[in-house]
$ cat entry02.cif   # mmCIF, C-alpha atoms and all ligand atoms
data_data
#
loop_
_atom_site.label_atom_id
_atom_site.label_comp_id
_atom_site.auth_asym_id
_atom_site.auth_seq_id
_atom_site.Cartn_x
_atom_site.Cartn_y
_atom_site.Cartn_z
CA MET A 1 94.37 110.26 77.06
CA GLU A 2 94.81 113.36 79.20
CA PHE A 3 96.99 113.70 82.28
CA GLN A 4 99.67 115.80 83.97
CA HIS A 5 102.86 114.06 85.03
CA VAL A 6 105.78 115.48 87.03
CA SER A 7 109.19 113.76 86.97
CA LEU A 8 111.74 114.56 89.68
CA ALA A 9 115.23 115.63 88.61
CA GLN A 10 118.01 113.60 90.19
CA ARG A 11 121.34 112.12 89.18
CA ILE A 12 121.33 108.32 89.53
CA LEU A 13 124.72 106.58 89.63
CA PHE A 14 124.30 102.81 89.49
CA GLY A 15 127.07 100.24 89.69
CA ALA A 16 128.12 97.36 91.93
CA GLY A 17 131.36 98.08 93.78
CA LYS A 18 131.34 101.70 92.57
CA ALA A 19 129.95 103.54 95.61
CA SER A 20 133.32 104.86 96.86
CA ALA A 21 134.31 106.22 93.47
CA HIS A 22 130.85 107.66 92.87
CA ILE A 23 130.80 109.42 96.26
CA ARG A 24 134.19 111.03 95.64
CA LEU A 25 132.97 112.09 92.21
CA GLU A 26 129.89 113.77 93.67
CA VAL A 27 131.71 115.44 96.59
CA ASN A 28 134.12 116.99 94.07
CA ARG A 29 131.43 117.86 91.53
CA LEU A 30 129.35 119.62 94.19
CA GLY A 31 132.44 121.45 95.50
CA SER A 32 131.82 120.41 99.08
CA ARG A 33 134.30 121.33 101.82
CA LYS A 34 132.34 120.17 104.90
CA VAL A 35 130.71 116.77 104.58
CA MET A 36 128.39 115.30 107.22
CA VAL A 37 127.93 111.53 107.02
CA ILE A 38 124.80 109.98 108.48
CA ALA A 39 124.91 106.22 109.06
CA SER A 40 123.37 104.30 111.93
CA LYS A 41 125.75 102.39 114.24
CA PRO A 42 125.38 98.96 112.57
CA GLU A 43 126.19 100.50 109.15
CA HIS A 44 129.07 102.68 110.42
CA HIS A 45 131.79 100.30 109.15
CA LEU A 46 130.07 100.12 105.76
CA ALA A 47 129.90 103.92 105.56
CA GLN A 48 133.50 104.32 106.74
CA ALA A 49 134.78 101.99 104.02
CA THR A 50 132.60 103.67 101.41
CA LEU A 51 133.76 107.17 102.41
CA ALA A 52 137.47 106.28 102.24
CA GLY A 53 139.36 109.20 100.70
CA VAL A 54 136.70 111.79 101.64
CA ASN A 55 137.48 114.34 104.34
CA VAL A 56 134.48 113.96 106.67
CA ALA A 57 133.76 116.90 109.00
CA LEU A 58 130.99 115.25 111.03
CA TRP A 59 129.85 111.64 111.58
CA TRP A 60 126.29 111.18 112.87
CA ASP A 61 124.69 107.91 114.00
CA ASP A 62 121.68 108.91 116.13
CA VAL A 63 119.12 107.50 113.70
CA ALA A 64 115.63 106.05 114.34
CA GLN A 65 112.68 105.01 112.19
CA HIS A 66 109.98 107.62 111.49
CA VAL A 67 112.45 110.45 112.38
CA PRO A 68 111.49 111.52 115.93
CA LEU A 69 111.46 115.35 116.06
CA GLU A 70 113.98 115.61 118.89
CA ARG A 71 116.53 113.59 116.89
CA ALA A 72 115.93 115.75 113.83
CA GLU A 73 116.54 118.89 115.89
CA ALA A 74 119.76 117.52 117.42
CA ALA A 75 121.11 116.62 113.97
CA ARG A 76 120.08 120.02 112.54
CA ALA A 77 121.91 121.84 115.35
CA ALA A 78 125.06 119.75 114.87
CA ALA A 79 125.05 120.36 111.10
CA ALA A 80 124.65 124.09 111.60
CA GLN A 81 127.40 124.25 114.22
CA ALA A 82 129.83 122.35 111.96
CA GLU A 83 128.88 124.56 108.96
CA ILE A 84 128.10 121.49 106.88
CA ASP A 85 127.61 122.05 103.13
CA LEU A 86 126.82 118.47 102.00
CA ILE A 87 125.18 115.47 103.66
CA VAL A 88 126.01 111.93 102.57
CA CYS A 89 123.65 109.35 104.08
CA VAL A 90 124.53 105.66 103.93
CA GLY A 91 121.89 103.19 105.09
CA GLY A 92 118.18 102.48 105.04
CA GLY A 93 115.21 104.81 104.83
CA SER A 94 115.77 106.00 108.41
CA THR A 95 119.17 107.53 107.59
CA THR A 96 117.76 109.10 104.42
CA GLY A 97 114.82 110.38 106.47
CA LEU A 98 117.13 112.13 108.94
CA ALA A 99 119.17 113.67 106.10
CA LYS A 100 115.91 114.97 104.59
CA ALA A 101 114.87 116.46 107.94
CA ILE A 102 118.10 118.49 108.01
CA ALA A 103 117.72 119.48 104.36
CA LEU A 104 114.15 120.64 104.98
CA THR A 105 115.20 123.46 107.32
CA SER A 106 118.72 124.20 106.02
CA GLY A 107 118.62 123.52 102.28
CA ILE A 108 121.87 121.51 102.56
CA PRO A 109 122.04 119.12 99.58
CA VAL A 110 121.93 115.36 100.18
CA VAL A 111 123.73 112.54 98.41
CA ALA A 112 121.93 109.28 99.30
CA VAL A 113 123.56 105.86 99.32
CA PRO A 114 120.71 103.45 100.10
CA THR A 115 121.36 99.99 101.52
CA THR A 116 117.72 98.83 101.81
CA TYR A 117 114.83 98.91 99.33
CA ALA A 118 112.68 101.56 101.09
CA GLY A 119 113.12 104.05 98.25
CA SER A 120 113.12 107.30 100.26
CA GLU A 121 116.17 108.42 98.27
CA ALA A 122 114.04 108.92 95.14
CA THR A 123 111.13 110.87 96.64
CA ASN A 124 110.64 114.48 97.66
CA MET A 125 108.60 113.35 100.67
CA TRP A 126 109.81 113.95 104.23
CA GLY A 127 108.40 112.53 107.45
CA ILE A 128 108.87 113.60 111.07
CA THR A 129 107.20 112.15 114.17
CA GLU A 130 106.26 114.27 117.16
CA GLY A 131 104.90 112.28 120.08
CA ARG A 132 102.52 109.76 118.51
CA THR A 133 101.77 111.74 115.38
CA LYS A 134 103.76 111.40 112.17
CA THR A 135 103.62 114.32 109.76
CA THR A 136 104.69 114.02 106.15
CA GLY A 137 105.13 116.67 103.53
CA ILE A 138 106.33 117.21 99.98
CA ASP A 139 109.22 119.58 99.37
CA ASP A 140 111.74 119.46 96.52
CA THR A 141 114.42 120.74 98.95
CA VAL A 142 114.61 117.28 100.54
CA LEU A 143 115.03 115.35 97.27
CA PRO A 144 118.60 113.99 97.27
CA VAL A 145 120.57 115.62 94.44
CA THR A 146 122.29 112.32 93.70
CA VAL A 147 121.47 108.69 94.47
CA ILE A 148 124.31 106.16 94.46
CA TYR A 149 123.14 102.57 94.09
CA ASP A 150 125.72 99.87 94.81
CA ALA A 151 124.37 96.33 95.15
CA GLU A 152 127.49 95.25 97.08
CA LEU A 153 126.28 97.40 100.00
CA SER A 154 122.95 95.58 100.29
CA ARG A 155 124.46 92.08 100.22
CA THR A 156 124.68 92.11 104.03
CA LEU A 157 120.98 92.91 104.43
CA PRO A 158 119.56 89.77 106.12
CA THR A 159 117.15 87.77 103.95
CA LYS A 160 114.15 88.43 106.20
CA LEU A 161 114.76 92.17 106.14
CA SER A 162 115.45 92.07 102.40
CA ILE A 163 112.02 90.49 101.88
CA SER A 164 110.18 93.03 104.05
CA SER A 165 112.07 95.92 102.53
CA GLY A 166 111.53 94.66 98.97
CA LEU A 167 107.82 94.31 99.73
CA ASN A 168 107.87 97.92 101.00
CA GLY A 169 109.10 98.77 97.51
CA LEU A 170 106.41 96.57 95.96
CA ALA A 171 103.82 98.45 98.04
CA HIS A 172 104.98 101.72 96.44
CA CYS A 173 104.39 100.10 93.03
CA ILE A 174 100.97 98.70 93.84
CA ASP A 175 99.63 101.80 95.60
CA SER A 176 100.85 103.91 92.66
CA LEU A 177 98.42 102.08 90.35
CA TRP A 178 95.44 103.90 91.93
CA ALA A 179 96.86 106.67 94.14
CA PRO A 180 95.36 110.16 93.71
CA LYS A 181 97.77 111.21 90.95
CA ALA A 182 98.13 107.83 89.18
CA ASP A 183 98.74 108.23 85.44
CA PRO A 184 99.95 105.98 82.58
CA ILE A 185 103.60 106.96 83.12
CA ASN A 186 103.79 106.17 86.82
CA GLN A 187 101.71 103.02 86.20
CA ALA A 188 104.31 101.85 83.64
CA LEU A 189 107.14 102.53 86.13
CA ALA A 190 105.16 100.74 88.85
CA LEU A 191 104.49 97.61 86.78
CA GLU A 192 108.13 97.31 85.71
CA GLY A 193 109.18 97.94 89.33
CA ALA A 194 106.80 95.18 90.49
CA ARG A 195 108.26 92.77 87.93
CA ALA A 196 111.85 93.56 88.92
CA LEU A 197 111.18 93.38 92.67
CA SER A 198 109.23 90.10 92.49
CA SER A 199 111.94 88.48 90.45
CA ALA A 200 114.72 89.93 92.64
CA LEU A 201 113.15 88.75 95.90
CA ARG A 202 112.74 85.22 94.55
CA GLY A 203 116.45 85.35 93.61
CA ILE A 204 117.52 86.69 97.03
CA VAL A 205 115.58 83.93 98.82
CA ASP A 206 117.34 81.33 96.65
CA ASN A 207 120.75 82.94 97.26
CA PRO A 208 121.06 86.05 99.46
CA ALA A 209 124.54 86.77 98.04
CA ASP A 210 123.31 86.80 94.42
CA LEU A 211 124.63 90.13 93.14
CA GLU A 212 122.37 90.16 90.09
CA ALA A 213 119.27 89.70 92.26
CA ARG A 214 120.52 92.49 94.56
CA GLU A 215 120.95 94.76 91.52
CA GLN A 216 117.45 93.94 90.28
CA ALA A 217 116.10 94.79 93.73
CA LEU A 218 117.78 98.22 93.69
CA TYR A 219 116.60 98.86 90.14
CA GLY A 220 113.07 97.85 91.16
CA CYS A 221 113.11 99.92 94.33
CA TYR A 222 114.13 103.03 92.38
CA LEU A 223 111.25 102.54 89.91
CA ALA A 224 108.93 101.89 92.84
CA ALA A 225 109.93 105.12 94.56
CA ALA A 226 109.79 107.15 91.34
CA SER A 227 106.25 105.91 90.68
CA PHE A 228 105.21 106.55 94.29
CA ALA A 229 106.73 110.06 94.29
CA SER A 230 104.73 110.88 91.18
CA ALA A 231 101.41 109.15 92.02
CA GLY A 232 101.26 110.21 95.69
CA SER A 233 100.07 108.24 98.71
CA GLY A 234 97.14 105.90 98.22
CA LEU A 235 95.17 104.05 100.89
CA HIS A 236 97.96 101.56 101.63
CA HIS A 237 100.46 104.30 102.50
CA LYS A 238 97.92 106.18 104.62
CA ILE A 239 97.27 103.02 106.65
CA CYS A 240 100.98 102.28 107.16
CA HIS A 241 101.70 105.93 107.97
CA VAL A 242 99.28 105.71 110.93
CA LEU A 243 100.49 102.28 112.06
CA GLY A 244 104.14 103.41 111.98
CA GLY A 245 103.72 106.89 113.42
CA THR A 246 101.14 106.25 116.13
CA PHE A 247 101.87 102.64 117.10
CA ASP A 248 105.60 102.66 116.32
CA LEU A 249 105.36 99.51 114.19
CA PRO A 250 108.43 98.69 112.08
CA HIS A 251 108.16 100.33 108.68
CA ALA A 252 109.06 97.63 106.15
CA GLU A 253 107.36 94.78 108.01
CA THR A 254 104.16 96.80 108.39
CA HIS A 255 104.04 97.61 104.67
CA ALA A 256 104.72 93.96 103.83
CA THR A 257 101.98 92.71 106.15
CA VAL A 258 99.25 95.17 105.15
CA LEU A 259 99.79 95.04 101.37
CA PRO A 260 97.80 91.86 100.50
CA TYR A 261 94.75 93.15 102.38
CA VAL A 262 94.70 96.49 100.56
CA LEU A 263 95.21 94.71 97.25
CA ALA A 264 92.37 92.30 98.04
CA LEU A 265 90.12 95.31 98.79
CA ASN A 266 91.06 97.22 95.63
CA ALA A 267 91.88 94.69 92.89
CA PRO A 268 88.29 93.55 92.16
CA ALA A 269 87.33 97.18 91.44
CA VAL A 270 90.11 97.63 88.82
CA PRO A 271 90.28 94.33 86.85
CA GLU A 272 92.30 95.65 83.89
CA ILE A 273 95.26 96.99 85.88
CA SER A 274 94.92 94.04 88.26
CA SER A 275 95.51 91.54 85.46
CA ARG A 276 98.58 93.51 84.26
CA LEU A 277 99.89 93.48 87.82
CA ALA A 278 99.29 89.71 88.07
CA VAL A 279 101.60 89.21 85.07
CA ALA A 280 104.26 91.44 86.67
CA LEU A 281 104.14 89.51 89.95
CA GLY A 282 104.30 86.07 88.36
CA ARG A 283 107.29 84.03 87.34
CA PRO A 284 108.32 84.79 83.76
CA GLY A 285 106.52 82.56 81.25
CA PRO A 286 104.03 82.68 78.38
CA LEU A 287 101.06 84.97 79.02
CA ASP A 288 98.69 82.01 78.66
CA SER A 289 100.64 79.95 81.26
CA ASP A 290 98.66 78.67 84.22
CA GLY A 291 99.79 81.38 86.68
CA PRO A 292 97.12 83.37 88.54
CA LYS A 293 95.32 85.98 86.37
CA ASP A 294 94.21 87.97 89.38
CA ALA A 295 96.72 90.25 91.15
CA ALA A 296 95.65 89.33 94.69
CA ALA A 297 96.10 85.64 93.89
CA ALA A 298 99.49 86.31 92.25
CA LEU A 299 100.64 88.25 95.33
CA ASN A 300 99.50 85.40 97.53
CA VAL A 301 101.67 82.97 95.55
CA LEU A 302 104.66 85.31 95.83
CA TYR A 303 104.11 85.71 99.59
CA GLU A 304 104.07 81.95 100.08
CA GLU A 305 107.30 81.55 98.10
CA LEU A 306 108.98 84.29 100.15
CA ASP A 307 107.47 83.26 103.51
CA ALA A 308 106.57 86.94 103.84
CA PRO A 309 105.41 88.70 107.04
CA ALA A 310 101.74 87.99 107.69
CA ARG A 311 100.58 89.25 111.12
CA LEU A 312 100.61 92.76 112.61
CA ALA A 313 100.34 91.05 116.02
CA ASP A 314 103.95 89.91 115.55
CA TYR A 315 105.03 93.57 115.71
CA GLY A 316 103.09 94.60 118.84
CA PHE A 317 99.81 95.75 117.29
CA GLN A 318 96.76 94.74 119.35
CA ALA A 319 93.03 94.35 118.78
CA SER A 320 92.42 97.20 121.25
CA ASP A 321 94.48 99.52 118.98
CA ILE A 322 92.13 99.05 116.01
CA PRO A 323 89.45 101.69 116.81
CA GLU A 324 92.03 104.47 117.28
CA ALA A 325 93.89 103.36 114.14
CA VAL A 326 90.68 103.34 112.08
CA GLY A 327 89.76 106.86 113.24
CA ARG A 328 93.21 108.18 112.35
CA ILE A 329 93.25 106.41 108.96
CA LEU A 330 89.82 107.73 107.98
CA ALA A 331 91.00 111.25 108.87
CA VAL A 332 93.86 111.01 106.34
CA ALA A 333 92.29 108.65 103.77
CA PRO A 334 92.99 109.58 100.12
CA PRO A 335 90.25 111.46 98.25
CA SER A 336 89.71 108.48 95.96
CA ASN A 337 90.25 104.72 96.17
CA PRO A 338 88.98 101.83 94.03
CA GLY A 339 87.60 99.80 96.98
CA THR A 340 85.12 101.13 99.51
CA VAL A 341 86.72 102.99 102.42
CA THR A 342 84.47 103.06 105.48
CA GLU A 343 84.86 102.51 109.20
CA GLU A 344 83.62 98.97 108.61
CA SER A 345 85.95 98.12 105.70
CA ILE A 346 89.09 99.49 107.40
CA THR A 347 88.18 97.80 110.69
CA GLY A 348 87.79 94.53 108.76
CA LEU A 349 91.09 95.04 106.93
CA LEU A 350 93.05 95.69 110.15
CA THR A 351 91.29 92.86 111.96
CA ASP A 352 92.31 90.49 109.16
CA ALA A 353 95.89 91.80 109.09
CA LEU A 354 96.23 91.50 112.88
CA TYR A 355 96.43 87.72 112.90
CA GLY A 356 96.81 86.97 109.17
CA ALA A 357 93.12 86.20 108.90
CA LYS A 358 91.27 83.81 106.69
CA SER A 359 89.74 86.43 104.40
CA PHE A 360 93.09 87.02 102.68
CA PRO A 361 93.61 83.43 101.46
CA VAL A 362 89.89 83.12 100.67
CA LEU A 363 89.90 86.28 98.57
CA CYS A 364 93.13 85.20 96.94
CA THR A 365 92.31 81.64 96.07
CA VAL A 366 95.08 80.22 93.91
CA ASP A 367 93.91 78.50 90.71
N1 LIG B 1 110.05 109.62 102.57
C1 LIG B 1 109.91 108.55 101.83
O1 LIG B 1 109.67 108.63 100.64
C2 LIG B 1 110.08 107.22 102.47
C3 LIG B 1 110.46 107.14 103.78
N2 LIG B 1 110.66 105.94 104.38
C4 LIG B 1 111.06 105.94 105.79
O2 LIG B 1 112.22 105.10 105.95
C5 LIG B 1 112.18 104.45 107.22
C6 LIG B 1 112.28 102.96 107.04
O3 LIG B 1 113.37 102.61 106.23
P1 LIG B 1 113.89 101.10 106.21
O4 LIG B 1 114.95 101.06 105.20
O5 LIG B 1 112.77 100.18 106.11
O6 LIG B 1 114.45 100.88 107.66
P2 LIG B 1 115.81 101.34 108.39
O7 LIG B 1 116.51 102.39 107.67
O8 LIG B 1 115.43 101.61 109.81
O9 LIG B 1 116.69 100.02 108.31
C7 LIG B 1 116.18 98.80 108.84
C8 LIG B 1 117.30 98.00 109.48
O10 LIG B 1 118.17 97.57 108.45
C9 LIG B 1 119.52 97.72 108.88
N3 LIG B 1 120.33 97.80 107.65
C10 LIG B 1 120.28 98.77 106.71
N4 LIG B 1 121.15 98.48 105.72
C11 LIG B 1 121.74 97.31 106.03
C12 LIG B 1 122.71 96.47 105.37
N5 LIG B 1 123.22 96.78 104.21
N6 LIG B 1 123.08 95.33 106.01
C13 LIG B 1 122.53 94.98 107.19
N7 LIG B 1 121.62 95.72 107.85
C14 LIG B 1 121.22 96.87 107.27
C15 LIG B 1 119.46 98.97 109.74
O11 LIG B 1 120.54 99.04 110.65
C16 LIG B 1 118.15 98.78 110.47
O12 LIG B 1 118.34 97.97 111.61
C17 LIG B 1 110.88 104.86 107.88
O13 LIG B 1 111.11 105.90 108.79
C18 LIG B 1 110.03 105.33 106.70
O14 LIG B 1 109.05 106.24 107.08
C19 LIG B 1 110.49 104.77 103.70
C20 LIG B 1 110.10 104.78 102.39
C21 LIG B 1 109.86 106.01 101.66
O1 LIG B 2 108.26 108.96 106.79
C1 LIG B 2 108.49 109.40 105.68
O2 LIG B 2 109.62 109.78 105.38
C2 LIG B 2 107.43 109.61 104.73
C3 LIG B 2 106.87 108.71 103.93
C4 LIG B 2 106.97 107.31 104.01
O3 LIG B 2 107.44 106.72 104.95
C5 LIG B 2 106.43 106.61 102.87
C6 LIG B 2 106.02 105.24 103.21
O4 LIG B 2 105.05 105.07 103.98
O5 LIG B 2 106.70 104.31 102.74
#

$ encode --input "entry02.cif" --output "structure tokens"
Amino acid sequence: MEFQHVSLAQRILFGAGKASAHIRLEVNRLGSRKVMVIASKPEHHLAQATLAGVNVALWWDDVAQHVPLERAEAARAAAAQAEIDLIVCVGGGSTTGLAKAIALTSGIPVVAVPTTYAGSEATNMWGITEGRTKTTGIDDTVLPVTVIYDAELSRTLPTKLSISSGLNGLAHCIDSLWAPKADPINQALALEGARALSSALRGIVDNPADLEAREQALYGCYLAAASFASAGSGLHHKICHVLGGTFDLPHAETHATVLPYVLALNAPAVPEISSRLAVALGRPGPLDSDGPKDAAAALNVLYEELDAPARLADYGFQASDIPEAVGRILAVAPPSNPGTVTEESITGLLTDALYGAKSFPVLCTVD
């Protein structure tokens, strides 16, 4: 075995009902005197309650998915004017993304308090969208110094959004199995993340208020993000990056919809890791139980149980968008991928994902 693996250094504070205490601890530990809190309007009350006892110098709620450049610049200017020395972001990946955009140009440290399962809090990747083009980059400056996970804060996440967001996390796991820098360590994190997320999402569908399932989802989303940060972006992320940045499709739902098609393309070319993934995605049971042995089939079963998103058309993507999307995806495609990446294969994949086409169930026939 020979590989190089880089782990990112962060403090992770995990505990249900502990966010307030953990935030105060970190504000004191970091010696901050001017805290900026980023939380979008719907999460403002959540952030306010969580920040009780902290002297906040600046509240900021102008948040949007994919971090439009003009919003990043407005937030950067406000942070500079208020002489902010610490950013606390409370919310989904969009709030974390805006905090990272400020950190990128100012170096102000970030404490992230995630309330979805996007996982941005555990990566050193930033993303900013200018016009119709989303640019991403890797910079350790944007990695939050501390992540505070509190399952109580994600209890209000609606079930539908919890499923999409959890499948966004699952996409990090699955893409990490064959992304350009995949190695045995990030594969181990990814498989355990896939197990935790699959089990958590089944639990959330059964009972959205189930605190244990919410904790498993946060645990899984951290592992997912840590594996993704280490393995880099594979084909799945490159596709979703174009669909989100150029066509403004919603992030989590797009990841959730595209994932089975990328898995169906790649799994047959990597049977060993595919069978390990199938076990992770299945319900717990003996290894020789009659669950699917093939990862694409196992994902199909999970998607049916969750009633997961299935059609890009539901989010505004159109057949006439496919040629431009294919051109943009091929221009950023990863240097290696298990399945064949050509104009034809990506056109087929997007055509199938547009209306939830037949090729997905056919490829993923359940035993
Ligand atoms: N840089 C990175 O490593 C990563 C970045 N991202 C970025 O994150 C963004 C997407 O993040 P998401 O979390 O999917 O979306 P989001 O942050 O836009 O949140 C989705 C929706 O959930 C609502 N919400 C959040 N927490 C809630 C709660 N506890 N209860 C009820 N509603 C709640 C928000 O108000 C929003 O309407 C994209 O811009 C994406 O590019 C996502 C993953 C990794
Ligand atoms: O937009 C970003 O912050 C950069 C990366 C991602 O969104 C990763 C992903 O596609 O989930």

$ atom_distance --input "entry02.cif" --atom1 "CA of Ala213 (chain A)" --atom2 "CA of Gly232 (chain A)"
27.5 Å

$ residues_near_ligand --input "entry02.cif" --ligand "ligand LIG 1 (chain B)" --cutoff "8 Å" --atoms "all atoms listed in the file" --output "PyMOL selection string"
chain A and resi 40-43+46+63-67+91-97+114-127+136+153-158+161+164-165+168-169+225+229+241+244+250-253

$ closest_residue --input "entry02.cif" --among "A:Thr141, A:Thr129, A:Ser198, A:Ser230" --to "ligand LIG 2 (chain B)" --atoms "only C-alpha atoms and all ligand atoms"
A:Thr129

$ atom_distance --input "entry02.cif" --atom1 "CA of Leu218 (chain A)" --atom2 "CA of Leu235 (chain A)"
24.4 Å

$ closest_residue --input "entry02.cif" --among "A:Ala19, A:Ala231, A:Ala295, A:Cys89" --to "Ala267 (chain A)" --atoms "all atoms listed in the file"
A:Ala295

$ closest_residue --input "entry02.cif" --among "A:Met36, A:Val242, A:Ile102, A:Ala47" --to "Lys134 (chain A)" --atoms "all atoms listed in the file"
A:Val242

$ closest_residue --input "entry02.cif" --among "A:Gly203, A:Thr257, A:Thr342, A:Glu192" --to "Cys240 (chain A)" --atoms "only C-alpha atoms"
A:Thr257

$ residues_around --input "entry02.cif" --residues "Ser345 (chain A)" --least-positions-apart "2" --cutoff "12 Å" --atoms "only C-alpha atoms" --output "ChimeraX atom specification"
/A:235,261-262,264-266,326,329-330,339-343,347-352

$ axis_aligned_box --input "entry02.cif" --around "region 130-134 of chain A" --padding-each-side "3 Å" --output "JSON"
{"center_x": 104.0, "center_y": 112.0, "center_z": 116.1, "size_x": 10.5, "size_y": 10.5, "size_z": 13.9}

$ closest_residue --input "entry02.cif" --among "A:Ala217, A:Ala16, A:Val145, A:Ala278" --to "Ser199 (chain A)" --atoms "only C-alpha atoms"
A:Ala217

$ residues_around --input "entry02.cif" --residues "Thr146 (chain A)" --least-positions-apart "6" --cutoff "8 Å" --atoms "only C-alpha atoms" --output "PyMOL selection string"
chain A and resi 10-13+26+110-112

$ write_last_selection --input "entry02.cif" --atoms "C-alpha atoms" --output "compact mmCIF listing (two decimals), keeping the file's coordinate frame"
# COMPACT_ATOMS: atom_id res chain seq x y z
CA GLN A 10 118.01 113.60 90.19
CA ARG A 11 121.34 112.12 89.18
CA ILE A 12 121.33 108.32 89.53
CA LEU A 13 124.72 106.58 89.63
CA GLU A 26 129.89 113.77 93.67
CA VAL A 110 121.93 115.36 100.18
CA VAL A 111 123.73 112.54 98.41
CA ALA A 112 121.93 109.28 99.30

$ closest_residue --input "entry02.cif" --among "A:Arg328, A:Lys293, A:His255, A:Arg276" --to "ligand LIG 2 (chain B)" --atoms "all atoms listed in the file"
A:His255

$ atom_distance --input "entry02.cif" --atom1 "CA of Leu143 (chain A)" --atom2 "CA of Pro109 (chain A)"
8.3 Å

$ residues_near_point --input "entry02.cif" --point "(132.3, 118.9, 110.5)" --cutoff "10 Å" --atoms "all atoms listed in the file" --output "list in words"
Arg33, Lys34, Val35, Met36, Val37, Asn55, Val56, Ala57, Leu58, Trp59, Ala78, Ala79, Ala80, Gln81, Ala82, Glu83, Ile84 and Asp85 of chain A

$ residues_near_point --input "entry02.cif" --point "(105.8, 85.7, 88.7)" --cutoff "12 Å" --atoms "only C-alpha atoms" --output "ChimeraX atom specification"
/A:194-203,276-287,289-295,297-303,305-306

$ residues_around --input "entry02.cif" --residues "Thr105 (chain A)" --least-positions-apart "5" --cutoff "12 Å" --atoms "only C-alpha atoms" --output "JSON, numbers by chain"
{"A": [72, 73, 75, 76, 77, 79, 80, 98, 99, 100, 126, 139, 141, 142]}

$ residues_around --input "entry02.cif" --residues "Gly356 (chain A)" --least-positions-apart "3" --cutoff "7 Å" --atoms "all atoms listed in the file" --output "mmCIF file with C-alpha atoms, in the coordinates of the input"
data_model
loop_
_atom_site.group_PDB
_atom_site.id
_atom_site.type_symbol
_atom_site.label_atom_id
_atom_site.label_comp_id
_atom_site.auth_asym_id
_atom_site.auth_seq_id
_atom_site.Cartn_x
_atom_site.Cartn_y
_atom_site.Cartn_z
ATOM 1 C CA ALA A 310 101.740 87.990 107.690
ATOM 2 C CA ARG A 311 100.580 89.250 111.120
ATOM 3 C CA ASP A 352 92.310 90.490 109.160
ATOM 4 C CA ALA A 353 95.890 91.800 109.090
#
